[in-house]
$ cat input24.cif   # mmCIF, C-alpha atoms
data_start
#
loop_
_atom_site.group_PDB
_atom_site.id
_atom_site.type_symbol
_atom_site.label_atom_id
_atom_site.label_comp_id
_atom_site.auth_asym_id
_atom_site.auth_seq_id
_atom_site.Cartn_x
_atom_site.Cartn_y
_atom_site.Cartn_z
ATOM 1 C CA MET A 1 98.762 54.891 141.241
ATOM 2 C CA SER A 2 99.442 54.675 137.482
ATOM 3 C CA VAL A 3 99.127 57.802 135.368
ATOM 4 C CA GLU A 4 97.218 57.597 132.093
ATOM 5 C CA ARG A 5 99.499 58.532 129.216
ATOM 6 C CA GLN A 6 98.320 61.016 126.618
ATOM 7 C CA ASP A 7 97.734 59.681 123.118
ATOM 8 C CA SER A 8 100.456 60.900 120.758
ATOM 9 C CA LEU A 9 98.522 59.367 117.859
ATOM 10 C CA ARG A 10 94.967 58.093 117.585
ATOM 11 C CA ILE A 11 93.740 56.608 114.312
ATOM 12 C CA GLU A 12 90.248 55.252 113.765
ATOM 13 C CA GLY A 13 89.044 53.914 110.425
ATOM 14 C CA LEU A 14 91.931 55.194 108.271
ATOM 15 C CA ARG A 15 91.421 54.481 104.562
ATOM 16 C CA VAL A 16 93.851 55.255 101.738
ATOM 17 C CA THR A 17 92.763 55.041 98.104
ATOM 18 C CA ILE A 18 95.195 55.087 95.171
ATOM 19 C CA ALA A 19 93.842 55.519 91.637
ATOM 20 C CA GLY A 20 90.408 54.373 92.770
ATOM 21 C CA THR A 21 91.666 51.296 94.624
ATOM 22 C CA GLU A 22 91.517 51.227 98.406
ATOM 23 C CA VAL A 23 94.872 50.012 99.781
ATOM 24 C CA LEU A 24 94.399 50.701 103.493
ATOM 25 C CA HIS A 25 91.115 49.429 104.895
ATOM 26 C CA GLY A 26 89.882 50.949 108.148
ATOM 27 C CA VAL A 27 93.163 50.994 110.061
ATOM 28 C CA SER A 28 92.836 51.875 113.753
ATOM 29 C CA LEU A 29 95.838 52.417 116.006
ATOM 30 C CA ILE A 30 96.889 54.251 119.175
ATOM 31 C CA VAL A 31 100.430 55.372 120.038
ATOM 32 C CA ARG A 32 100.756 56.750 123.565
ATOM 33 C CA ALA A 33 103.285 59.339 124.661
ATOM 34 C CA GLY A 34 106.551 57.774 125.786
ATOM 35 C CA GLU A 35 105.802 54.429 124.127
ATOM 36 C CA THR A 36 106.882 52.637 120.947
ATOM 37 C CA VAL A 37 104.429 50.883 118.635
ATOM 38 C CA ALA A 38 106.000 48.702 115.945
ATOM 39 C CA VAL A 39 104.174 47.986 112.679
ATOM 40 C CA VAL A 40 105.321 44.801 110.938
ATOM 41 C CA GLY A 41 104.223 42.860 107.899
ATOM 42 C CA SER A 42 105.326 41.597 104.515
ATOM 43 C CA SER A 43 106.319 43.842 101.616
ATOM 44 C CA GLY A 44 103.203 45.467 100.178
ATOM 45 C CA SER A 45 101.217 45.065 103.387
ATOM 46 C CA GLY A 46 100.682 48.823 103.684
ATOM 47 C CA LYS A 47 103.240 49.784 106.352
ATOM 48 C CA THR A 48 104.947 52.565 104.387
ATOM 49 C CA THR A 49 101.622 53.777 102.953
ATOM 50 C CA LEU A 50 100.455 54.227 106.538
ATOM 51 C CA ALA A 51 103.587 56.170 107.481
ATOM 52 C CA ARG A 52 103.450 58.467 104.454
ATOM 53 C CA ALA A 53 99.756 59.162 104.952
ATOM 54 C CA LEU A 54 100.458 60.312 108.503
ATOM 55 C CA VAL A 55 103.241 62.729 107.554
ATOM 56 C CA GLY A 56 101.523 64.151 104.467
ATOM 57 C CA LEU A 57 103.968 62.826 101.890
ATOM 58 C CA HIS A 58 101.370 61.108 99.715
ATOM 59 C CA ARG A 59 100.703 62.491 96.245
ATOM 60 C CA HIS A 60 97.610 64.450 95.293
ATOM 61 C CA HIS A 61 95.981 61.539 93.452
ATOM 62 C CA ILE A 62 95.993 59.567 96.698
ATOM 63 C CA ARG A 63 92.937 60.011 98.889
ATOM 64 C CA VAL A 64 93.177 59.745 102.674
ATOM 65 C CA ASP A 65 90.028 59.449 104.808
ATOM 66 C CA ALA A 66 89.597 58.625 108.481
ATOM 67 C CA ASP A 67 86.861 58.573 111.070
ATOM 68 C CA ARG A 68 89.402 60.019 113.493
ATOM 69 C CA LEU A 69 93.009 61.075 112.989
ATOM 70 C CA GLU A 70 94.603 63.020 115.824
ATOM 71 C CA VAL A 71 98.091 63.886 117.034
ATOM 72 C CA ALA A 72 98.369 64.948 120.681
ATOM 73 C CA GLY A 73 94.584 65.335 120.813
ATOM 74 C CA GLU A 74 94.278 67.651 117.806
ATOM 75 C CA PRO A 75 93.109 66.774 114.264
ATOM 76 C CA LEU A 76 95.967 65.964 111.900
ATOM 77 C CA ARG A 77 96.143 68.194 108.846
ATOM 78 C CA ARG A 78 96.225 66.538 105.440
ATOM 79 C CA ARG A 79 98.315 67.014 102.299
ATOM 80 C CA ARG A 80 101.371 68.392 104.053
ATOM 81 C CA PRO A 81 103.734 67.507 106.876
ATOM 82 C CA ASP A 82 102.121 68.555 110.130
ATOM 83 C CA GLY A 83 104.604 71.078 111.454
ATOM 84 C CA PRO A 84 106.179 70.490 114.830
ATOM 85 C CA ARG A 85 103.670 67.854 115.932
ATOM 86 C CA VAL A 86 105.017 65.056 113.682
ATOM 87 C CA GLY A 87 108.671 64.205 113.070
ATOM 88 C CA TYR A 88 109.527 61.840 110.200
ATOM 89 C CA VAL A 89 112.656 59.681 109.951
ATOM 90 C CA PRO A 90 112.881 58.243 106.411
ATOM 91 C CA GLN A 91 114.351 54.936 105.380
ATOM 92 C CA ASP A 92 117.344 55.927 103.266
ATOM 93 C CA PRO A 93 119.891 58.284 104.866
ATOM 94 C CA GLY A 94 121.885 58.385 101.639
ATOM 95 C CA ASN A 95 119.113 59.997 99.592
ATOM 96 C CA SER A 96 117.251 61.998 102.227
ATOM 97 C CA LEU A 97 119.760 64.797 102.827
ATOM 98 C CA ASN A 98 120.555 67.522 100.307
ATOM 99 C CA PRO A 99 124.073 66.773 99.027
ATOM 100 C CA VAL A 100 124.956 70.429 98.292
ATOM 101 C CA TYR A 101 124.243 71.859 101.758
ATOM 102 C CA ARG A 102 126.255 71.366 104.909
ATOM 103 C CA VAL A 103 124.685 69.355 107.705
ATOM 104 C CA GLY A 104 124.424 72.381 109.996
ATOM 105 C CA SER A 105 122.621 74.391 107.318
ATOM 106 C CA GLN A 106 120.030 71.636 106.823
ATOM 107 C CA LEU A 107 119.394 71.383 110.554
ATOM 108 C CA ALA A 108 119.122 75.181 110.736
ATOM 109 C CA GLU A 109 116.502 75.111 107.983
ATOM 110 C CA ALA A 110 114.478 72.559 109.949
ATOM 111 C CA LEU A 111 114.654 74.715 113.069
ATOM 112 C CA ARG A 112 113.473 77.787 111.132
ATOM 113 C CA ALA A 113 110.569 75.774 109.705
ATOM 114 C CA HIS A 114 109.393 75.228 113.274
ATOM 115 C CA GLY A 115 109.748 78.866 114.245
ATOM 116 C CA ILE A 116 112.989 78.358 116.170
ATOM 117 C CA ARG A 117 115.825 80.805 115.520
ATOM 118 C CA PRO A 118 118.889 78.694 114.681
ATOM 119 C CA HIS A 119 122.335 79.563 115.970
ATOM 120 C CA HIS A 120 125.615 77.679 116.187
ATOM 121 C CA ASP A 121 125.312 76.562 119.805
ATOM 122 C CA LEU A 122 121.769 75.268 119.293
ATOM 123 C CA ILE A 123 122.766 73.289 116.184
ATOM 124 C CA VAL A 124 125.691 71.738 118.057
ATOM 125 C CA GLN A 125 123.387 70.925 120.982
ATOM 126 C CA ARG A 126 120.852 69.181 118.718
ATOM 127 C CA LEU A 127 123.596 67.097 117.114
ATOM 128 C CA ARG A 128 124.882 66.105 120.542
ATOM 129 C CA GLU A 129 121.384 65.069 121.603
ATOM 130 C CA VAL A 130 121.373 62.355 118.943
ATOM 131 C CA GLY A 131 124.846 61.087 119.792
ATOM 132 C CA LEU A 132 126.815 62.982 117.147
ATOM 133 C CA ASP A 133 129.664 64.179 119.311
ATOM 134 C CA THR A 134 132.858 62.211 119.857
ATOM 135 C CA GLN A 135 136.486 63.102 120.386
ATOM 136 C CA ARG A 136 137.285 62.109 116.807
ATOM 137 C CA ALA A 137 134.177 63.735 115.353
ATOM 138 C CA PRO A 138 132.956 66.632 117.505
ATOM 139 C CA ALA A 139 129.486 67.994 116.791
ATOM 140 C CA ALA A 140 130.829 71.396 115.761
ATOM 141 C CA SER A 141 133.005 69.742 113.126
ATOM 142 C CA LEU A 142 130.189 67.517 111.839
ATOM 143 C CA ALA A 143 127.933 70.553 111.415
ATOM 144 C CA ARG A 144 130.377 71.924 108.819
ATOM 145 C CA ARG A 145 130.510 68.716 106.788
ATOM 146 C CA TYR A 146 128.515 67.748 103.715
ATOM 147 C CA PRO A 147 126.395 64.562 103.843
ATOM 148 C CA HIS A 148 128.849 62.575 101.704
ATOM 149 C CA GLU A 149 131.514 63.201 104.346
ATOM 150 C CA LEU A 150 129.485 61.329 106.970
ATOM 151 C CA SER A 151 128.945 57.614 107.482
ATOM 152 C CA GLY A 152 125.539 56.037 107.022
ATOM 153 C CA GLY A 153 124.934 55.942 110.765
ATOM 154 C CA GLN A 154 125.922 59.581 111.155
ATOM 155 C CA ARG A 155 123.597 60.625 108.320
ATOM 156 C CA GLN A 156 120.721 58.711 109.863
ATOM 157 C CA ARG A 157 121.245 60.473 113.172
ATOM 158 C CA VAL A 158 121.307 63.833 111.385
ATOM 159 C CA LEU A 159 117.888 62.899 109.983
ATOM 160 C CA ILE A 160 116.721 62.098 113.506
ATOM 161 C CA ALA A 161 117.967 65.503 114.689
ATOM 162 C CA ILE A 162 116.008 67.143 111.856
ATOM 163 C CA ALA A 163 112.898 65.111 112.689
ATOM 164 C CA LEU A 164 113.144 66.181 116.322
ATOM 165 C CA ALA A 165 113.828 69.840 115.532
ATOM 166 C CA GLY A 166 110.323 70.946 116.512
ATOM 167 C CA ARG A 167 110.089 68.661 119.563
ATOM 168 C CA PRO A 168 107.260 66.643 117.967
ATOM 169 C CA ALA A 169 104.551 64.810 119.853
ATOM 170 C CA LEU A 170 104.846 61.896 117.409
ATOM 171 C CA ILE A 171 107.890 60.390 115.683
ATOM 172 C CA VAL A 172 107.243 58.258 112.589
ATOM 173 C CA ALA A 173 110.293 56.167 111.685
ATOM 174 C CA ASP A 174 110.040 54.193 108.434
ATOM 175 C CA GLU A 175 112.653 51.397 108.419
ATOM 176 C CA PRO A 176 115.244 53.723 109.989
ATOM 177 C CA THR A 177 117.923 51.031 110.297
ATOM 178 C CA SER A 178 117.501 49.011 107.101
ATOM 179 C CA ALA A 179 120.604 50.502 105.415
ATOM 180 C CA LEU A 180 122.838 50.262 108.493
ATOM 181 C CA ASP A 181 125.010 47.526 109.916
ATOM 182 C CA ALA A 182 123.808 45.877 113.107
ATOM 183 C CA THR A 183 125.974 47.769 115.610
ATOM 184 C CA VAL A 184 125.157 51.200 114.172
ATOM 185 C CA ALA A 185 121.491 50.247 113.862
ATOM 186 C CA THR A 186 121.385 49.496 117.582
ATOM 187 C CA ARG A 187 122.776 52.937 118.400
ATOM 188 C CA VAL A 188 120.287 54.652 116.102
ATOM 189 C CA LEU A 189 117.405 52.768 117.708
ATOM 190 C CA ASP A 190 118.664 53.671 121.166
ATOM 191 C CA THR A 191 118.576 57.334 120.128
ATOM 192 C CA LEU A 192 115.006 57.098 118.834
ATOM 193 C CA VAL A 193 113.705 55.220 121.844
ATOM 194 C CA ALA A 194 115.439 57.598 124.253
ATOM 195 C CA ARG A 195 113.745 60.564 122.598
ATOM 196 C CA SER A 196 110.368 58.829 122.706
ATOM 197 C CA ARG A 197 110.796 58.165 126.416
ATOM 198 C CA ASP A 198 111.188 61.901 126.870
ATOM 199 C CA GLY A 199 107.495 62.189 126.016
ATOM 200 C CA ALA A 200 106.965 61.644 122.291
ATOM 201 C CA GLY A 201 105.215 58.601 120.876
ATOM 202 C CA LEU A 202 107.238 56.492 118.399
ATOM 203 C CA LEU A 203 105.586 54.686 115.486
ATOM 204 C CA LEU A 204 108.262 52.333 114.162
ATOM 205 C CA ILE A 205 107.866 50.696 110.749
ATOM 206 C CA THR A 206 110.262 47.758 110.625
ATOM 207 C CA HIS A 207 110.871 44.377 109.055
ATOM 208 C CA ASP A 208 113.253 43.347 111.841
ATOM 209 C CA LEU A 209 111.601 41.196 114.488
ATOM 210 C CA ALA A 210 114.640 41.417 116.777
ATOM 211 C CA VAL A 211 114.191 45.185 116.813
ATOM 212 C CA VAL A 212 110.525 44.728 117.680
ATOM 213 C CA ALA A 213 111.422 42.438 120.577
ATOM 214 C CA GLN A 214 113.952 44.928 121.921
ATOM 215 C CA VAL A 215 112.067 48.229 121.783
ATOM 216 C CA ALA A 216 108.325 47.874 121.170
ATOM 217 C CA ASN A 217 105.641 48.268 123.797
ATOM 218 C CA ASP A 218 102.902 47.257 121.332
ATOM 219 C CA VAL A 219 102.977 45.495 117.966
ATOM 220 C CA ALA A 220 100.568 45.875 115.039
ATOM 221 C CA VAL A 221 100.726 43.235 112.311
ATOM 222 C CA MET A 222 99.582 44.355 108.851
ATOM 223 C CA LEU A 223 98.373 42.180 105.976
ATOM 224 C CA HIS A 224 96.769 43.433 102.748
ATOM 225 C CA GLY A 225 96.214 46.924 104.127
ATOM 226 C CA GLN A 226 94.616 45.806 107.379
ATOM 227 C CA ILE A 227 95.829 45.329 110.939
ATOM 228 C CA VAL A 228 95.162 41.654 111.612
ATOM 229 C CA GLU A 229 96.679 41.522 115.092
ATOM 230 C CA HIS A 230 97.516 44.219 117.624
ATOM 231 C CA GLY A 231 98.523 44.050 121.245
ATOM 232 C CA PRO A 232 101.357 44.180 123.781
ATOM 233 C CA ALA A 233 104.676 43.083 122.273
ATOM 234 C CA GLU A 234 105.179 40.276 124.782
ATOM 235 C CA ARG A 235 101.804 38.738 123.944
ATOM 236 C CA VAL A 236 101.996 39.161 120.161
ATOM 237 C CA LEU A 237 105.562 37.818 119.894
ATOM 238 C CA HIS A 238 105.149 34.873 122.259
ATOM 239 C CA ARG A 239 101.444 34.017 122.105
ATOM 240 C CA PRO A 240 100.269 35.160 118.649
ATOM 241 C CA GLU A 241 96.622 34.634 117.840
ATOM 242 C CA HIS A 242 96.439 35.246 114.083
ATOM 243 C CA PRO A 243 97.786 32.554 111.699
ATOM 244 C CA TYR A 244 99.677 35.188 109.697
ATOM 245 C CA THR A 245 101.514 36.391 112.808
ATOM 246 C CA ARG A 246 102.473 32.823 113.654
ATOM 247 C CA THR A 247 103.771 32.381 110.101
ATOM 248 C CA LEU A 248 105.975 35.462 110.409
ATOM 249 C CA LEU A 249 107.407 34.340 113.733
ATOM 250 C CA ASP A 250 107.898 30.732 112.650
ATOM 251 C CA ALA A 251 110.013 31.955 109.729
ATOM 252 C CA VAL A 252 112.634 33.332 112.157
ATOM 253 C CA PRO A 253 114.364 30.486 114.064
ATOM 254 C CA ASP A 254 115.416 32.545 117.114
ATOM 255 C CA MET A 255 111.901 33.850 117.580
ATOM 256 C CA ARG A 256 110.320 30.439 117.035
ATOM 257 C CA GLY A 257 112.659 28.707 119.481
ATOM 258 C CA ALA A 258 112.124 31.283 122.187
ATOM 259 C CA ARG A 259 108.355 31.080 121.748
ATOM 260 C CA ASP A 260 108.396 27.283 121.952
ATOM 261 C CA MET A 261 110.280 27.541 125.267
ATOM 262 C CA GLY A 262 107.897 30.203 126.539
ATOM 263 C CA GLY A 263 110.641 32.766 127.020
ATOM 264 C CA GLY A 264 111.750 35.970 125.386
ATOM 265 C CA PRO A 265 113.412 36.188 121.978
ATOM 266 C CA ALA A 266 116.908 34.670 121.991
ATOM 267 C CA VAL A 267 118.607 37.638 120.379
ATOM 268 C CA SER A 268 121.393 39.949 121.442
ATOM 269 C CA PRO A 269 121.188 43.749 121.135
ATOM 270 C CA GLU A 270 123.507 43.491 118.139
ATOM 271 C CA ALA A 271 121.447 40.841 116.365
ATOM 272 C CA SER A 272 119.425 41.714 113.294
ATOM 273 C CA VAL A 273 116.835 39.045 112.578
ATOM 274 C CA ARG A 274 115.458 39.701 109.137
ATOM 275 C CA ALA A 275 112.136 38.264 108.202
ATOM 276 C CA PRO A 276 111.940 36.085 105.081
ATOM 277 C CA TRP A 277 110.341 38.789 102.941
ATOM 278 C CA ASP A 278 113.519 40.887 103.312
ATOM 279 C CA ARG A 279 116.106 38.268 102.388
ATOM 280 C CA GLY A 280 116.751 40.069 99.126
ATOM 281 C CA ARG A 281 118.097 43.071 101.022
ATOM 282 C CA ALA A 282 121.658 43.484 102.213
ATOM 283 C CA ALA A 283 122.320 41.330 105.231
ATOM 284 C CA PRO A 284 123.669 42.862 108.429
ATOM 285 C CA GLY A 285 127.290 43.822 107.986
ATOM 286 C CA GLN A 286 126.963 44.069 104.190
ATOM 287 C CA ALA A 287 125.984 47.723 104.302
ATOM 288 C CA ALA A 288 128.633 50.337 103.614
ATOM 289 C CA ALA A 289 131.241 50.368 106.344
ATOM 290 C CA SER A 290 130.691 53.029 108.965
ATOM 291 C CA ALA A 291 133.365 55.572 109.684
ATOM 292 C CA PRO A 292 134.600 56.123 113.245
ATOM 293 C CA GLY A 293 132.151 58.043 115.349
ATOM 294 C CA THR A 294 129.000 56.453 113.904
#

$ encode --input "input24.cif" --output "structure tokens"
Amino acid sequence: MSVERQDSLRIEGLRVTIAGTEVLHGVSLIVRAGETVAVVGSSGSGKTTLARALVGLHRHHIRVDADRLEVAGEPLRRRRPDGPRVGYVPQDPGNSLNPVYRVGSQLAEALRAHGIRPHHDLIVQRLREVGLDTQRAPAASLARRYPHELSGGQRQRVLIAIALAGRPALIVADEPTSALDATVATRVLDTLVARSRDGAGLLLITHDLAVVAQVANDVAVMLHGQIVEHGPAERVLHRPEHPYTRTLLDAVPDMRGARDMGGGPAVSPEASVRAPWDRGRAAPGQAAASAPGT
């Protein structure tokens, strides 16, 4: 007998207004514990606005209203990050860590913010949990380094460790692999998905349809601040119903070919299939080279 999963996130009728103009229009979405929901769409569709509204990073002139907005069954507070219930993984690992503090100190600060007394062994344990422990770069050594002494992949995993410091019920990851090369991006995604399978829900904002095919249980497609299609990943990727979804998939040859044959996406775990709206970004492999141990 199947067990009903708890909702990590339930949104009904979410509206975001900026300077008097509504930019998100009645968004409704459910992320269940242990599952990954991917939100995709073109630039300006509202994906990042949705993520920032959920974690309280919007500015004071931005108004957020919702008929229902709950994390783990409790109302989500507004105007500030919601403590241990929501963990946020930002897009840019290069600009999201404080350059003048050691990695261990920044993780310790996150632990204290969640009421957890930090100590050396706990910091090392949390770094190991996100894959930051190799023979060449042991976790204890990484904890003493400054952010500029880490590779992009290592910095992103430090951000994941910080996001998971309070054992959140919901993880919001906003383009967590966009600045990473394909191999490192795969490892970072594996870390996020593994943590979500431990019981947290994962809301993944991404432009990468290969990533969606690999990790998502459900997919929500956004256009002009609205969700125009939402359903199981297999159905949305292979039997899309909305013309905009079909346009997105048809723009990526591997996805289009697989859909025409009625099979799964013809991509490898290392592939990074970028949608046409992101062709101006660095292509896979053009990001800064990753140091050993990424």

$ closest_residue --input "input24.cif" --among "A:Gln226, A:Thr245, A:Asn98, A:Gln106" --to "A:Leu29" --atoms "only C-alpha atoms"
A:Gln226

$ resolve_selection --input "input24.cif" --expression "the PyMOL selection byres ((chain A and resi 107-111) around 8)" --output "PyMOL selection string"
chain A and resi 103-106+112-119+123+158+161-162+165-166

$ resolve_selection --input "input24.cif" --expression "the PyMOL selection byres ((chain A and resi 233) around 6)" --output "MDAnalysis selection string"
chainID A and resid 217:219 232 234:237

$ closest_residue --input "input24.cif" --among "A:Pro253, A:Pro138, A:Gly26, A:Gly231" --to "A:Leu50" --atoms "only C-alpha atoms"
A:Gly26

$ closest_residue --input "input24.cif" --among "A:Leu150, A:Val193, A:Val23, A:Val184" --to "A:Val212" --atoms "only C-alpha atoms"
A:Val193

$ closest_residue --input "input24.cif" --among "A:Ser28, A:Thr247, A:Ser196, A:Thr17" --to "A:Ile227" --atoms "all atoms listed in the file"
A:Ser28

$ closest_residue --input "input24.cif" --among "A:Gly34, A:Pro93, A:Pro168, A:Gly199" --to "A:Leu180" --atoms "all atoms listed in the file"
A:Pro93

$ resolve_selection --input "input24.cif" --expression "the PyMOL selection byres ((chain A and resi 127) around 12)" --output "tab-separated table (two decimals) with C-alpha atoms, in the coordinates of the input"
chain	number	residue	atom	x	y	z
A	103	VAL	CA	124.68	69.36	107.70
A	104	GLY	CA	124.42	72.38	110.00
A	106	GLN	CA	120.03	71.64	106.82
A	107	LEU	CA	119.39	71.38	110.55
A	108	ALA	CA	119.12	75.18	110.74
A	120	HIS	CA	125.62	77.68	116.19
A	121	ASP	CA	125.31	76.56	119.80
A	122	LEU	CA	121.77	75.27	119.29
A	123	ILE	CA	122.77	73.29	116.18
A	124	VAL	CA	125.69	71.74	118.06
A	125	GLN	CA	123.39	70.92	120.98
A	126	ARG	CA	120.85	69.18	118.72
A	128	ARG	CA	124.88	66.10	120.54
A	129	GLU	CA	121.38	65.07	121.60
A	130	VAL	CA	121.37	62.36	118.94
A	131	GLY	CA	124.85	61.09	119.79
A	132	LEU	CA	126.82	62.98	117.15
A	133	ASP	CA	129.66	64.18	119.31
A	134	THR	CA	132.86	62.21	119.86
A	137	ALA	CA	134.18	63.74	115.35
A	138	PRO	CA	132.96	66.63	117.50
A	139	ALA	CA	129.49	67.99	116.79
A	140	ALA	CA	130.83	71.40	115.76
A	141	SER	CA	133.00	69.74	113.13
A	142	LEU	CA	130.19	67.52	111.84
A	143	ALA	CA	127.93	70.55	111.42
A	144	ARG	CA	130.38	71.92	108.82
A	154	GLN	CA	125.92	59.58	111.16
A	155	ARG	CA	123.60	60.62	108.32
A	156	GLN	CA	120.72	58.71	109.86
A	157	ARG	CA	121.24	60.47	113.17
A	158	VAL	CA	121.31	63.83	111.38
A	159	LEU	CA	117.89	62.90	109.98
A	160	ILE	CA	116.72	62.10	113.51
A	161	ALA	CA	117.97	65.50	114.69
A	162	ILE	CA	116.01	67.14	111.86
A	163	ALA	CA	112.90	65.11	112.69
A	164	LEU	CA	113.14	66.18	116.32
A	165	ALA	CA	113.83	69.84	115.53
A	191	THR	CA	118.58	57.33	120.13

$ closest_residue --input "input24.cif" --among "A:Glu12, A:Asp174, A:Glu22, A:Glu35" --to "A:Gln91" --atoms "all atoms listed in the file"
A:Asp174

$ build_atoms --input "input24.cif" --residues "stretch 198-211 of chain A" --atoms "N, CA, C and O atoms" --output "CSV table (one decimal), in the frame of the given file"
chain,number,residue,atom,x,y,z
A,198,ASP,N,111.3,60.5,126.4
A,198,ASP,CA,111.2,61.9,126.9
A,198,ASP,C,109.8,62.5,126.7
A,198,ASP,O,109.5,63.6,127.2
A,199,GLY,N,108.9,61.7,126.1
A,199,GLY,CA,107.5,62.2,126.0
A,199,GLY,C,106.8,62.1,124.7
A,199,GLY,O,105.6,62.2,124.6
A,200,ALA,N,107.6,61.8,123.6
A,200,ALA,CA,107.0,61.6,122.3
A,200,ALA,C,106.5,60.2,122.1
A,200,ALA,O,107.1,59.3,122.7
A,201,GLY,N,105.5,60.0,121.3
A,201,GLY,CA,105.2,58.6,120.9
A,201,GLY,C,106.0,58.2,119.7
A,201,GLY,O,106.4,59.1,118.8
A,202,LEU,N,106.4,57.0,119.5
A,202,LEU,CA,107.2,56.5,118.4
A,202,LEU,C,106.5,55.4,117.6
A,202,LEU,O,106.1,54.4,118.2
A,203,LEU,N,106.2,55.7,116.4
A,203,LEU,CA,105.6,54.7,115.5
A,203,LEU,C,106.7,54.2,114.6
A,203,LEU,O,107.2,54.9,113.8
A,204,LEU,N,107.1,52.9,114.8
A,204,LEU,CA,108.3,52.3,114.2
A,204,LEU,C,107.8,51.3,113.1
A,204,LEU,O,107.2,50.3,113.4
A,205,ILE,N,108.1,51.6,111.8
A,205,ILE,CA,107.9,50.7,110.7
A,205,ILE,C,109.1,49.9,110.6
A,205,ILE,O,110.2,50.4,110.3
A,206,THR,N,109.0,48.6,110.7
A,206,THR,CA,110.3,47.8,110.6
A,206,THR,C,110.0,46.4,110.1
A,206,THR,O,108.9,45.8,110.3
A,207,HIS,N,111.0,45.8,109.5
A,207,HIS,CA,110.9,44.4,109.1
A,207,HIS,C,111.6,43.5,110.0
A,207,HIS,O,111.6,42.3,109.9
A,208,ASP,N,112.3,44.1,111.0
A,208,ASP,CA,113.3,43.3,111.8
A,208,ASP,C,112.6,42.9,113.2
A,208,ASP,O,112.3,43.8,114.0
A,209,LEU,N,112.3,41.7,113.3
A,209,LEU,CA,111.6,41.2,114.5
A,209,LEU,C,112.5,41.3,115.7
A,209,LEU,O,111.9,41.4,116.9
A,210,ALA,N,113.8,41.2,115.6
A,210,ALA,CA,114.6,41.4,116.8
A,210,ALA,C,114.5,42.8,117.3
A,210,ALA,O,114.5,43.1,118.5
A,211,VAL,N,114.4,43.8,116.4
A,211,VAL,CA,114.2,45.2,116.8
A,211,VAL,C,112.9,45.3,117.6
A,211,VAL,O,112.8,46.0,118.6
